[in-house]
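Asks: Could you have a look at this structure, given as structure tokens, before my questions?
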Amino acid sequence: MTDDTRLQDFLRELLRRGGSDLLLVHGVAASIRTNGAVEKIGDGALDGAEIEALVQPVLTPVGMAQYRATQIADCSYRIPEVGRFRINLHRERGRAAATIRALPMKVPSLGELGLPAEVGNLAALRRGLVLIGGAAGAGKSTTLAALVNEINQRDARHIVTIEDPVEYEHAHVRSVIEQVEVGTDAPDFPTALRAALRQAPDVLVVGEMRDPESMAIAVSAAETGHLVLSTLHTTDVASAISRISDSFPVERQSTIRQELAMAISAVLTQTLLPSRKGGRIPAVELLMIGYGARQHIRHNALQHLNQEITMTRGKGSIGLEESLLRLVKDGHLDRQEAVEFAVHPDELRSRLKGLA
């Protein structure tokens, strides 16, 4: 059996078991992650050289060049009639290791993801910056793809996505969608962003804002009339805002906050929780930005943004406690589980008393 055939067998088993990631790490058998839990699927422990031999043959030329230059490669991989995957080949303790994520062939709807109906309002926005935050594995990219799909189903717009790599492939429905893959179609996010703005997009999707230059371009694009959707590794609304401003030198932070206050339209943060009905379900926090939130951002008074969620419920904002309360009502969480995940447990306990 060749190395690429053996890797394909691992990936077929990943899909057969409904897993999300294949983990190849020195000293342990090939393993998969399913609903957050890791289980072994291989017969024996792998070593670093073996992992490198398994993965290198399926890297793209750009991915192989990345690995040779930096010892880290990120690229996509397709097995015809089986599926698409995102490969991350890297080093740990001087040895090769890899994480390979299954990329779903079908773009899910917001409803299929179990997201609150209010999240759909984000697809109706015509301009501004929409940030989707969450920890690694929280489903940010999937929510982003579902929002793009929602726009594609309802509006005739020009959408440009910039991703590393492309995770979900979108068909042209009512919108025209261009999908730019960093490393294949463009050398980096800033270059791709600048080029995209010359293509007159209505909607600009940035898979992840990783550097100050990309952040500055995205904020400027949102401020000048584009709808910009992007993700950040943050866990709540306030930290999503501070993550952007704190990425810049101190002398520029005040200016960036002024620009961000004008540009931003909404912040959604989410985490995936184990559902009592099986699988995982998102608990969310959503702030639709209004005058009060813009003032708090300008003055760096981000501790007050949680109050703005409460004050703008009528505009579609949702607090985390409200989201958890709904999950209890729908039978996804029991009361104690919900309280354990709450940021304000006393508030949630009080609201849970009102449930039958």
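Ligands are numbered from 1 in the order shown, residues from 1 within each chain, and chains are lettered A, B, ... in the order they appear in the structure tokens.
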Any chance you could list, as a PyMOL selection string, the residues in range 156-284 of chain A that come up strand (DSSP E) when DSSP is run on the backbone?
Replies: chain A and resi 158-163+176-181+203-206+227-232+264-274+280-284
Asks: Let me see the file: selected residues, N, CA and C atoms, as a short mmCIF file (atom, residue, chain, number, x, y, z; two decimals), in the first residue's frame.
Replies:
```cif
data_model
loop_
_atom_site.label_atom_id
_atom_site.label_comp_id
_atom_site.auth_asym_id
_atom_site.auth_seq_id
_atom_site.Cartn_x
_atom_site.Cartn_y
_atom_site.Cartn_z
N HIS A 158 -22.43 40.68 -5.78
CA HIS A 158 -21.09 40.20 -6.13
C HIS A 158 -20.33 39.97 -4.83
N ILE A 159 -19.99 38.71 -4.58
CA ILE A 159 -19.33 38.32 -3.33
C ILE A 159 -17.93 37.83 -3.65
N VAL A 160 -16.95 38.33 -2.91
CA VAL A 160 -15.57 37.84 -3.04
C VAL A 160 -15.14 37.31 -1.68
N THR A 161 -14.72 36.05 -1.64
CA THR A 161 -14.21 35.47 -0.40
C THR A 161 -12.70 35.30 -0.50
N ILE A 162 -12.01 35.52 0.61
CA ILE A 162 -10.55 35.34 0.68
C ILE A 162 -10.28 34.41 1.85
N GLU A 163 -9.74 33.23 1.56
CA GLU A 163 -9.61 32.20 2.59
C GLU A 163 -8.27 31.49 2.48
N VAL A 176 -23.09 36.25 -7.70
CA VAL A 176 -21.86 35.80 -8.35
C VAL A 176 -20.78 35.76 -7.28
N ILE A 177 -20.15 34.60 -7.10
CA ILE A 177 -19.20 34.43 -6.00
C ILE A 177 -17.83 34.06 -6.54
N GLU A 178 -16.84 34.85 -6.19
CA GLU A 178 -15.44 34.53 -6.48
C GLU A 178 -14.77 34.10 -5.18
N GLN A 179 -14.04 32.98 -5.22
CA GLN A 179 -13.37 32.46 -4.03
C GLN A 179 -11.86 32.42 -4.26
N VAL A 180 -11.16 33.27 -3.53
CA VAL A 180 -9.72 33.43 -3.66
C VAL A 180 -9.03 32.65 -2.55
N GLU A 181 -8.13 31.76 -2.93
CA GLU A 181 -7.39 30.97 -1.94
C GLU A 181 -5.98 31.54 -1.77
N VAL A 203 -20.01 42.32 -1.30
CA VAL A 203 -19.72 41.62 -0.05
C VAL A 203 -18.29 41.09 -0.12
N LEU A 204 -17.51 41.37 0.91
CA LEU A 204 -16.13 40.91 1.00
C LEU A 204 -16.02 40.01 2.22
N VAL A 205 -15.59 38.78 2.02
CA VAL A 205 -15.49 37.79 3.09
C VAL A 205 -14.02 37.49 3.33
N VAL A 206 -13.56 37.76 4.55
CA VAL A 206 -12.16 37.52 4.91
C VAL A 206 -12.16 36.36 5.90
N LEU A 227 -20.04 45.47 2.59
CA LEU A 227 -20.33 44.57 3.69
C LEU A 227 -19.14 43.63 3.81
N VAL A 228 -18.47 43.65 4.97
CA VAL A 228 -17.27 42.84 5.19
C VAL A 228 -17.56 41.86 6.32
N LEU A 229 -17.41 40.58 6.04
CA LEU A 229 -17.62 39.53 7.03
C LEU A 229 -16.28 38.87 7.32
N SER A 230 -15.97 38.68 8.60
CA SER A 230 -14.69 38.06 8.93
C SER A 230 -14.77 37.37 10.29
N THR A 231 -13.73 36.58 10.61
CA THR A 231 -13.67 35.87 11.89
C THR A 231 -12.43 36.29 12.67
N LEU A 232 -12.53 36.10 13.98
CA LEU A 232 -11.42 36.36 14.90
C LEU A 232 -11.41 35.29 15.98
N ILE A 264 -18.13 49.26 12.15
CA ILE A 264 -18.66 47.98 12.61
C ILE A 264 -20.18 47.99 12.69
N SER A 265 -20.79 46.89 12.28
CA SER A 265 -22.24 46.76 12.30
C SER A 265 -22.73 45.71 13.30
N ALA A 266 -21.94 44.66 13.52
CA ALA A 266 -22.38 43.60 14.43
C ALA A 266 -21.20 42.74 14.85
N VAL A 267 -21.32 42.15 16.04
CA VAL A 267 -20.33 41.19 16.52
C VAL A 267 -21.10 39.97 17.04
N LEU A 268 -20.75 38.82 16.50
CA LEU A 268 -21.32 37.55 16.94
C LEU A 268 -20.20 36.68 17.49
N THR A 269 -20.35 36.17 18.71
CA THR A 269 -19.39 35.20 19.22
C THR A 269 -20.13 33.92 19.56
N GLN A 270 -19.46 32.80 19.41
CA GLN A 270 -20.14 31.52 19.63
C GLN A 270 -19.20 30.48 20.20
N THR A 271 -19.81 29.51 20.86
CA THR A 271 -19.08 28.34 21.35
C THR A 271 -19.96 27.13 21.13
N LEU A 272 -19.35 25.98 20.84
CA LEU A 272 -20.12 24.77 20.61
C LEU A 272 -20.19 23.95 21.89
N LEU A 273 -21.39 23.58 22.28
CA LEU A 273 -21.62 22.81 23.51
C LEU A 273 -22.20 21.44 23.16
N PRO A 274 -21.89 20.43 23.96
CA PRO A 274 -22.48 19.10 23.71
C PRO A 274 -23.98 19.14 23.98
N ARG A 280 -23.28 18.65 18.69
CA ARG A 280 -23.00 19.89 19.42
C ARG A 280 -23.89 21.01 18.91
N ILE A 281 -24.14 21.96 19.78
CA ILE A 281 -25.07 23.05 19.48
C ILE A 281 -24.40 24.37 19.86
N PRO A 282 -24.57 25.44 19.06
CA PRO A 282 -23.91 26.71 19.40
C PRO A 282 -24.68 27.52 20.44
N ALA A 283 -23.93 28.04 21.40
CA ALA A 283 -24.44 29.09 22.29
C ALA A 283 -23.78 30.39 21.81
N VAL A 284 -24.57 31.45 21.69
CA VAL A 284 -24.05 32.65 21.03
C VAL A 284 -24.27 33.91 21.87
#
```
Asks: Would you mind listing what lies within 12 Å of Arg276 in chain A as a VMD selection string, with only C-alpha atoms counted and same-chain residues fewer than 6 positions away left out?
Replies: chain A and resid 327 to 328 330 to 335 337 to 338
Asks: One decimal, in Å: what's the spacing between CA of Gly290 in chain A and CA of Ser317 in chain A?
Replies: 10.4 Å
Asks: Point out the residue among A:Glu150, A:Asp21, A:Glu39, A:Pro61 with the least atom-to-atom distance to Arg86 in chain A, counting only C-alpha atoms.
Replies: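 Smallest distance to Arg86 in chain A is found for A:Asp21.
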Asks: Quick one: residues within 9 Å of Ala49 in chain A, only C-alpha atoms counted, chain neighbours fewer than 2 positions away excluded, as a count of residues only?
Replies: 9
Asks: How would you write, as a PyMOL selection string, the set of residues in range 68-300 of chain A that DSSP gives as helix (DSSP H, G or I)?
Replies: chain A and resi 68-70+117-124+140-154+189-197+212-223+237-245+250-263+291-298
Asks: Extract, using only C-alpha atoms, all DNA, RNA and protein residues at most 12 Å from Arg68 in chain A, discarding same-chain residues fewer than 5 positions from it, and format them as a list in words.
Replies: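 Contacts, in chain order: Glu52, Gln56, Leu59, Pro61, Val62, Gly63, Ala73, Leu89, His90 and Arg91 of chain A.
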Asks: I want to know what sits within 9 Å of range 182-191 of chain A, based on only C-alpha atoms, with residues of the same chain fewer than 2 positions away left out; could you give that as an MDAnalysis selection string?
Replies: chainID A and resid 60 62:63 74:75 162:166 180 193:196 206 208:211 213:215 217
Asks: Which residues come within 8 Å of range 344-354 of chain A, counting only C-alpha atoms, excluding same-chain residues fewer than 5 positions away, as an NGL selection string?
Replies: :A and (321-322 or 325 or 335 or 339)
Asks: For range 113-123 of chain A, list every protein, DNA or RNA residue within 6 Å, evaluated using only C-alpha atoms, and leave out those in the same chain fewer than 3 positions away; present the list as a PDB file with C-alpha atoms, in the first residue's frame.
Replies:
```
ATOM      1  CA  LEU A 110     -28.178  28.790   9.543  1.00  0.00           C
ATOM      2  CA  LEU A 147     -24.182  33.597   6.073  1.00  0.00           C
ATOM      3  CA  ILE A 151     -26.959  36.105   0.959  1.00  0.00           C
ATOM      4  CA  GLY A 316     -31.768  41.576  17.321  1.00  0.00           C
TER       5      GLY A 316
END
```
